[in-house]
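Here's start.tsv, which has TSV, C-alpha atoms and all ligand atoms:
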```
chain	number	residue	atom	x	y	z
A	1	MET	CA	53.02	-45.86	33.22
A	2	ASN	CA	53.90	-49.39	34.24
A	3	GLY	CA	55.74	-49.11	37.57
A	4	GLU	CA	58.56	-51.44	36.55
A	5	ILE	CA	59.32	-49.44	33.42
A	6	GLN	CA	59.20	-46.20	35.41
A	7	GLN	CA	61.66	-47.69	37.92
A	8	TYR	CA	63.88	-48.98	35.13
A	9	ILE	CA	64.07	-45.52	33.55
A	10	GLU	CA	64.69	-43.85	36.91
A	11	GLN	CA	67.64	-46.07	37.84
A	12	LEU	CA	69.28	-45.21	34.50
A	13	ILE	CA	69.21	-41.46	35.23
A	14	PRO	CA	72.71	-40.32	36.21
A	15	LYS	CA	73.31	-39.04	39.75
A	16	ARG	CA	72.83	-35.32	40.18
A	17	SER	CA	75.41	-32.86	41.54
A	18	GLU	CA	75.93	-32.61	45.29
A	19	LEU	CA	73.70	-29.55	45.66
A	20	PHE	CA	70.85	-31.10	43.68
A	21	SER	CA	71.12	-34.35	45.67
A	22	ARG	CA	71.01	-32.32	48.88
A	23	ILE	CA	67.87	-30.48	47.75
A	24	GLU	CA	66.27	-33.78	46.73
A	25	SER	CA	67.00	-35.24	50.20
A	26	TYR	CA	65.68	-32.12	51.93
A	27	ALA	CA	62.49	-32.35	49.87
A	28	GLU	CA	62.01	-35.99	50.78
A	29	GLU	CA	62.70	-35.45	54.48
A	30	ASN	CA	60.43	-32.42	54.72
A	31	ASP	CA	57.58	-33.60	52.48
A	32	VAL	CA	58.17	-30.92	49.88
A	33	PRO	CA	56.77	-32.06	46.54
A	34	ILE	CA	59.32	-31.63	43.77
A	35	MET	CA	59.10	-32.91	40.23
A	36	GLU	CA	59.69	-36.65	39.80
A	37	SER	CA	63.06	-37.55	38.33
A	38	ALA	CA	61.89	-38.98	34.98
A	39	GLY	CA	59.47	-36.07	34.59
A	40	ILE	CA	62.11	-33.42	35.16
A	41	GLU	CA	64.51	-35.12	32.74
A	42	ALA	CA	61.78	-34.97	30.07
A	43	LEU	CA	61.12	-31.31	30.86
A	44	LEU	CA	64.82	-30.41	30.69
A	45	GLN	CA	65.30	-32.25	27.41
A	46	ILE	CA	62.43	-30.36	25.80
A	47	LEU	CA	63.91	-27.09	27.05
A	48	ARG	CA	67.39	-28.03	25.78
A	49	ILE	CA	65.88	-28.53	22.34
A	50	GLN	CA	63.83	-25.33	22.53
A	51	GLN	CA	66.54	-23.14	24.14
A	52	PRO	CA	64.12	-20.62	25.72
A	53	LYS	CA	65.52	-17.19	26.59
A	54	ARG	CA	63.01	-16.76	29.38
A	55	ILE	CA	60.99	-19.27	31.37
A	56	LEU	CA	58.07	-18.66	33.71
A	57	GLU	CA	57.53	-21.25	36.44
A	58	VAL	CA	54.33	-21.33	38.49
A	59	GLY	CA	55.19	-23.17	41.72
A	60	THR	CA	58.80	-22.86	42.91
A	61	ALA	CA	58.62	-24.89	46.13
A	62	ILE	CA	62.26	-24.86	47.31
A	63	GLY	CA	63.71	-24.02	43.91
A	64	TYR	CA	64.69	-27.47	42.70
A	65	SER	CA	63.17	-27.39	39.21
A	66	ALA	CA	64.08	-23.70	38.73
A	67	LEU	CA	67.70	-24.53	39.50
A	68	ARG	CA	67.68	-27.60	37.26
A	69	MET	CA	66.32	-25.46	34.40
A	70	ALA	CA	68.86	-22.69	34.99
A	71	ASP	CA	71.61	-25.31	35.06
A	72	ALA	CA	70.48	-27.08	31.88
A	73	ILE	CA	70.07	-23.86	29.87
A	74	PRO	CA	72.70	-21.50	31.29
A	75	HIS	CA	71.73	-18.45	29.21
A	76	THR	CA	68.09	-18.61	30.23
A	77	LYS	CA	66.32	-16.42	32.78
A	78	VAL	CA	63.83	-18.19	35.04
A	79	VAL	CA	61.02	-16.21	36.66
A	80	THR	CA	59.36	-18.32	39.33
A	81	ILE	CA	56.45	-17.82	41.74
A	82	GLU	CA	55.90	-19.27	45.22
A	83	ARG	CA	53.27	-18.35	47.79
A	84	ASP	CA	54.43	-20.40	50.77
A	85	GLU	CA	56.66	-18.26	53.01
A	86	GLU	CA	58.88	-21.07	54.29
A	87	ARG	CA	59.43	-22.62	50.85
A	88	TYR	CA	60.05	-19.18	49.35
A	89	THR	CA	62.81	-18.54	51.92
A	90	LYS	CA	64.37	-21.96	51.31
A	91	ALA	CA	64.27	-21.39	47.54
A	92	GLU	CA	66.00	-18.03	47.98
A	93	GLU	CA	68.68	-19.73	50.07
A	94	ASN	CA	69.16	-22.46	47.45
A	95	PHE	CA	69.49	-19.92	44.62
A	96	GLN	CA	72.20	-18.15	46.61
A	97	LEU	CA	74.01	-21.41	47.36
A	98	ALA	CA	73.97	-22.29	43.67
A	99	ASN	CA	75.12	-18.81	42.68
A	100	LYS	CA	72.13	-18.40	40.42
A	101	THR	CA	70.51	-15.24	41.79
A	102	ASP	CA	71.25	-13.42	38.50
A	103	ASN	CA	69.53	-16.13	36.47
A	104	ILE	CA	66.47	-16.69	38.64
A	105	HIS	CA	63.92	-14.07	39.61
A	106	LEU	CA	61.79	-15.23	42.52
A	107	ILE	CA	58.36	-13.70	43.05
A	108	LYS	CA	56.61	-14.12	46.39
A	109	GLY	CA	52.85	-14.43	46.28
A	110	ASP	CA	49.85	-16.22	44.91
A	111	ALA	CA	50.33	-16.80	41.19
A	112	LEU	CA	46.81	-15.56	40.56
A	113	GLU	CA	47.65	-12.24	42.21
A	114	VAL	CA	51.09	-11.33	40.87
A	115	GLU	CA	50.24	-10.97	37.20
A	116	ASP	CA	51.59	-7.39	37.10
A	117	GLN	CA	55.06	-8.49	38.21
A	118	VAL	CA	55.06	-11.39	35.76
A	119	LYS	CA	53.88	-9.17	32.93
A	120	LYS	CA	56.79	-6.74	33.41
A	121	LEU	CA	59.28	-9.51	32.59
A	122	ALA	CA	57.32	-10.99	29.65
A	123	PRO	CA	57.39	-12.50	27.07
A	124	TYR	CA	58.23	-16.07	28.04
A	125	ASP	CA	59.34	-18.73	25.59
A	126	ALA	CA	58.37	-21.49	28.00
A	127	ILE	CA	55.89	-21.61	30.86
A	128	PHE	CA	56.05	-24.43	33.38
A	129	ILE	CA	52.92	-24.97	35.48
A	130	ASP	CA	53.52	-26.94	38.68
A	131	ALA	CA	51.38	-25.41	41.45
A	132	ALA	CA	47.89	-26.03	42.90
A	133	LYS	CA	46.43	-28.66	40.56
A	134	GLY	CA	42.86	-27.43	40.94
A	135	GLN	CA	43.87	-24.06	39.45
A	136	TYR	CA	45.69	-25.25	36.33
A	137	LYS	CA	43.13	-23.85	33.92
A	138	ARG	CA	43.30	-20.43	35.57
A	139	PHE	CA	47.12	-20.40	35.52
A	140	PHE	CA	47.09	-21.44	31.88
A	141	GLU	CA	44.51	-18.84	30.87
A	142	MET	CA	46.24	-16.05	32.76
A	143	TYR	CA	49.82	-16.67	31.75
A	144	SER	CA	49.40	-17.94	28.20
A	145	ASN	CA	48.84	-14.24	27.42
A	146	TYR	CA	52.56	-13.69	28.03
A	147	LEU	CA	53.85	-16.57	25.92
A	148	SER	CA	55.97	-15.74	22.87
A	149	ASP	CA	54.56	-16.78	19.50
A	150	ASP	CA	56.65	-19.91	19.23
A	151	GLY	CA	56.41	-20.65	22.95
A	152	ILE	CA	55.47	-23.82	24.78
A	153	ILE	CA	53.57	-24.50	27.99
A	154	ILE	CA	54.51	-27.53	30.05
A	155	THR	CA	52.10	-28.72	32.73
A	156	ASP	CA	53.06	-31.30	35.35
A	157	ASN	CA	50.87	-33.82	37.24
A	158	VAL	CA	48.26	-34.18	34.52
A	159	LEU	CA	47.98	-37.93	35.22
A	160	PHE	CA	48.08	-37.45	39.01
A	161	LYS	CA	49.56	-40.83	39.97
A	162	GLY	CA	47.26	-42.58	37.49
A	163	LEU	CA	44.17	-41.45	39.43
A	164	VAL	CA	42.79	-39.70	36.33
A	165	CYS	CA	41.60	-43.08	35.06
A	166	GLU	CA	40.45	-44.43	38.43
A	167	PRO	CA	36.62	-44.60	38.45
A	168	ASN	CA	36.07	-45.16	42.20
A	169	ILE	CA	37.91	-42.74	44.46
A	170	GLU	CA	36.63	-42.78	48.03
A	171	ASN	CA	38.35	-39.67	49.37
A	172	LYS	CA	36.10	-36.73	48.51
A	173	ARG	CA	38.90	-34.15	48.27
A	174	ILE	CA	40.99	-36.33	45.96
A	175	ARG	CA	37.91	-37.19	43.88
A	176	SER	CA	37.14	-33.52	43.37
A	177	LEU	CA	40.78	-32.75	42.47
A	178	VAL	CA	40.88	-35.62	39.97
A	179	LYS	CA	37.66	-34.30	38.42
A	180	LYS	CA	39.30	-30.88	37.99
A	181	ILE	CA	42.43	-32.39	36.44
A	182	ASN	CA	40.32	-34.44	34.03
A	183	GLU	CA	38.34	-31.35	33.06
A	184	PHE	CA	41.59	-29.44	32.54
A	185	ASN	CA	43.03	-32.23	30.38
A	186	GLU	CA	39.93	-32.36	28.20
A	187	TRP	CA	39.85	-28.57	27.88
A	188	LEU	CA	43.56	-28.43	27.03
A	189	MET	CA	43.51	-31.28	24.51
A	190	SER	CA	40.72	-29.60	22.55
A	191	HIS	CA	42.04	-26.04	22.90
A	192	PRO	CA	41.76	-24.34	19.50
A	193	ASP	CA	45.01	-22.37	19.94
A	194	TYR	CA	47.32	-25.16	21.11
A	195	HIS	CA	48.57	-28.55	20.01
A	196	THR	CA	49.00	-30.65	23.16
A	197	VAL	CA	50.53	-34.03	23.86
A	198	ILE	CA	50.48	-35.81	27.23
A	199	LEU	CA	53.61	-37.78	28.02
A	200	PRO	CA	53.10	-40.63	30.53
A	201	VAL	CA	56.35	-39.82	32.26
A	202	GLY	CA	56.83	-38.91	35.93
A	203	ASP	CA	53.41	-37.74	37.14
A	204	GLY	CA	52.24	-37.03	33.58
A	205	VAL	CA	53.56	-34.06	31.63
A	206	ALA	CA	51.51	-32.12	29.07
A	207	ILE	CA	53.37	-30.21	26.37
A	208	SER	CA	51.36	-27.52	24.63
A	209	LYS	CA	52.58	-25.58	21.61
A	210	LYS	CA	50.84	-22.59	20.07
A	211	ARG	CA	49.21	-23.51	16.74
A	301	LIG	C1	54.78	-29.30	43.27
A	301	LIG	S1	55.40	-27.94	44.14
A	301	LIG	C2	56.53	-27.22	42.98
A	301	LIG	C3	57.74	-28.07	42.76
A	301	LIG	C4	58.81	-27.42	41.95
A	301	LIG	N1	58.32	-26.97	40.68
A	301	LIG	C5	59.92	-28.43	41.72
A	301	LIG	O1	59.72	-29.39	40.94
A	301	LIG	O2	60.98	-28.26	42.33
A	301	LIG	C6	54.09	-26.80	44.06
A	301	LIG	C7	54.36	-25.49	44.76
A	301	LIG	O3	53.44	-24.54	44.27
A	301	LIG	C8	53.07	-23.69	45.35
A	301	LIG	N2	51.77	-23.12	44.96
A	301	LIG	C9	50.59	-23.76	44.88
A	301	LIG	N3	49.64	-22.93	44.45
A	301	LIG	C10	50.23	-21.73	44.25
A	301	LIG	C11	49.76	-20.47	43.83
A	301	LIG	N4	48.48	-20.26	43.53
A	301	LIG	N5	50.66	-19.46	43.74
A	301	LIG	C12	51.95	-19.65	44.05
A	301	LIG	N6	52.46	-20.84	44.48
A	301	LIG	C13	51.61	-21.85	44.57
A	301	LIG	C14	53.03	-24.59	46.56
A	301	LIG	O4	53.21	-23.84	47.75
A	301	LIG	C15	54.18	-25.55	46.27
A	301	LIG	O5	55.35	-25.16	46.92
```

Full structure transcribed into structure tokens:
Amino acid sequence: MNGEIQQYIEQLIPKRSELFSRIESYAEENDVPIMESAGIEALLQILRIQQPKRILEVGTAIGYSALRMADAIPHTKVVTIERDEERYTKAEENFQLANKTDNIHLIKGDALEVEDQVKKLAPYDAIFIDAAKGQYKRFFEMYSNYLSDDGIIITDNVLFKGLVCEPNIENKRIRSLVKKINEFNEWLMSHPDYHTVILPVGDGVAISKKR
């Protein structure tokens, strides 16, 4: 999206609570990627409308989005997966600080290897995918099996800073990642079992609803 419009929207978003602001600062200072502010507001608004009883998040980082979801929908249970030891520990600490350990179930491990734990807590009314971008299709295929019939799947970073429509990317690693995201987007948009819309908000958010 046009950078000026993005900035305009962002400066209109009200200030977050002290704990959320502290986590945002920690993320910035320590290079922890957390969802962009306009993107998370869009995600939370969709969840407020949907009122999911249970949410699965793939990619906790330090717990920012899990806490924002648990705060926005107080009756919901968030199950969230993180493989990085340090971020997992920080997320645990943040959930304790926020007094949300009853609402958030944190799973340590690679999302592609903890299916059994995730399955035990299924079904999920909403699934939020925000982990390794090259694996989005695998996360979607694996965990869509545990989505309730009227569930939704929200995927972040599908526009990857606008690089998805950049024809000449010099960096080989980024070029290969962009190729994977483009393939995922095409696969998702023509998926026979889901209606999907891509919102050009934050880093690009795809909302998929079972047909
Ligand atoms: C963009 S961050 C998540 C941000 C978080 N959702 C938020 O907005 O606060 C992505 C996280 O996913 C984790 N991750 C990446 N691939 C993963 C995988 N296969 N299994 C579990 N965690 C993974 C990374 O370690 C990283 O902390």

- Nearby residues (all atoms listed in the file) at most 9 Å from Ser65 of chain A, same-chain spacing under 6 positions excluded, as a list in words: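 Final neighbour list, sorted by chain and number: Ile34, Met35, Ile40 and Glu57 of chain A.
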
Hey, which residues come within 7 Å of ligand LIG 301 (chain A) if we count only C-alpha atoms and all ligand atoms? Could you give them as a short mmCIF file (atom, residue, chain, number, x, y, z; two decimals) with C-alpha atoms, in the coordinates of the input?
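Saved file pocket_23.cif follows:
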```cif
data_model
loop_
_atom_site.label_atom_id
_atom_site.label_comp_id
_atom_site.auth_asym_id
_atom_site.auth_seq_id
_atom_site.Cartn_x
_atom_site.Cartn_y
_atom_site.Cartn_z
CA PRO A 33 56.77 -32.06 46.54
CA ILE A 34 59.32 -31.63 43.77
CA MET A 35 59.10 -32.91 40.23
CA VAL A 58 54.33 -21.33 38.49
CA GLY A 59 55.19 -23.17 41.72
CA THR A 60 58.80 -22.86 42.91
CA ALA A 61 58.62 -24.89 46.13
CA ILE A 62 62.26 -24.86 47.31
CA GLY A 63 63.71 -24.02 43.91
CA TYR A 64 64.69 -27.47 42.70
CA SER A 65 63.17 -27.39 39.21
CA ALA A 66 64.08 -23.70 38.73
CA ILE A 81 56.45 -17.82 41.74
CA GLU A 82 55.90 -19.27 45.22
CA ARG A 83 53.27 -18.35 47.79
CA ASP A 84 54.43 -20.40 50.77
CA ARG A 87 59.43 -22.62 50.85
CA GLY A 109 52.85 -14.43 46.28
CA ASP A 110 49.85 -16.22 44.91
CA ALA A 111 50.33 -16.80 41.19
CA LEU A 112 46.81 -15.56 40.56
CA ASP A 130 53.52 -26.94 38.68
CA ALA A 131 51.38 -25.41 41.45
CA ALA A 132 47.89 -26.03 42.90
#
```

What are the centre and the three edge lengths of an axis-aligned box that wraps all atoms of segment 92-102 of chain A in the file, given that 5 Å is added to every side, written as JSON and rounded to one decimal in Å?
```
{"center_x": 70.6, "center_y": -17.9, "center_z": 44.3, "size_x": 19.1, "size_y": 19.0, "size_z": 21.6}
```

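Picture a line from atom CA of Arg22 of chain A to atom CA of Phe95 of chain A; it runs 13.2 Å.
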
- Note on the structure: Closest of A:Leu163, A:Leu19, A:Ile55, A:Ile9 to Ile127 of chain A, counting only C-alpha atoms, is A:Ile55

- Message: Could you list, as number ranges by chain, every residue within 9 Å of Asp156 of chain A, counting only C-alpha atoms and ignoring same-chain residues fewer than 6 positions away?
- Response: A: 35, 39, 128-131, 133, 202-206

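Nearest-residue note for Lys53 of chain A: choosing from A:Thr89, A:Ser190, A:Asn103, A:Asn182, the minimum distance belongs to A:Asn103, counting all atoms listed in the file.
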
Can you tell me which residues surround Lys179 of chain A at a distance of at most 12 Å, considering all atoms listed in the file, apart from same-chain residues fewer than 6 positions away, and format the answer as a PDB file with C-alpha atoms, keeping the file's coordinate frame?
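Okay, out06.pdb is ready:
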```pdb
ATOM      1  CA  LYS A 133      46.430 -28.660  40.560  1.00  0.00           C
ATOM      2  CA  GLY A 134      42.860 -27.430  40.940  1.00  0.00           C
ATOM      3  CA  VAL A 158      48.260 -34.180  34.520  1.00  0.00           C
ATOM      4  CA  LEU A 159      47.980 -37.930  35.220  1.00  0.00           C
ATOM      5  CA  PHE A 160      48.080 -37.450  39.010  1.00  0.00           C
ATOM      6  CA  LEU A 163      44.170 -41.450  39.430  1.00  0.00           C
ATOM      7  CA  VAL A 164      42.790 -39.700  36.330  1.00  0.00           C
ATOM      8  CA  CYS A 165      41.600 -43.080  35.060  1.00  0.00           C
ATOM      9  CA  GLU A 166      40.450 -44.430  38.430  1.00  0.00           C
ATOM     10  CA  PRO A 167      36.620 -44.600  38.450  1.00  0.00           C
ATOM     11  CA  ASN A 168      36.070 -45.160  42.200  1.00  0.00           C
ATOM     12  CA  ILE A 169      37.910 -42.740  44.460  1.00  0.00           C
ATOM     13  CA  LYS A 172      36.100 -36.730  48.510  1.00  0.00           C
ATOM     14  CA  ARG A 173      38.900 -34.150  48.270  1.00  0.00           C
ATOM     15  CA  ASN A 185      43.030 -32.230  30.380  1.00  0.00           C
ATOM     16  CA  GLU A 186      39.930 -32.360  28.200  1.00  0.00           C
TER      17      GLU A 186
END
```

- Message: Could you check the closest approach to Phe20 of chain A for each of A:Leu43, A:Val78, A:Leu177, A:Met69 and tell me which residue wins, using only C-alpha atoms?
- Response: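 Ranked by minimum distance to Phe20 of chain A, first place goes to A:Met69.
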
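Rounded to one decimal, atom CA of Pro14 of chain A and atom CA of Gln45 of chain A lie 14.1 Å from each other.
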
- Query: For the point (60.7, -39.6, 35.6) in file coordinates, what residues are within 6 Å, counting all atoms listed in the file? Give the answer as an MDAnalysis selection string?
  - Reply: chainID A and resid 10 36:39 201:202

- Can you pull out every residue within 8 Å of Tyr143 of chain A, counting all atoms listed in the file, but drop anything in the same chain fewer than 4 positions away, and send it as JSON, numbers by chain? {"A": [115, 127, 139, 147]}

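Minimum atom-to-atom distances from A:Asp102, A:Thr76, A:Lys108, A:Phe184 to Tyr88 of chain A were compared using all atoms listed in the file, and the lowest value belongs to A:Lys108.
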
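Nearest to Gln135 of chain A of all the residues A:Gly151, A:Ile181, A:Lys100, A:Ala122 is A:Ile181, based on only C-alpha atoms.
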
- Of the candidates A:Ile207, A:Ala42, A:Ala70, A:Ala27, which shows the shortest atom-to-atom distance to Met189 of chain A, using all atoms listed in the file?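 Closest to Met189 of chain A, using all atoms listed in the file: A:Ile207.
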
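Interatomic distance, atom CA of Pro123 of chain A to atom CA of Ile152 of chain A: 11.7 Å.
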
- Task: Name the residues, using the chain letters and numbers of the file, that sit within 12 Å of (54.4, -13.6, 17.6) when counting all atoms listed in the file, and give them as a list in words.
- Result: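 Residues satisfying the cut-off, written out: Pro123, Tyr124, Asp125, Asn145, Tyr146, Leu147, Ser148, Asp149, Asp150, Gly151, Lys210 and Arg211 of chain A.
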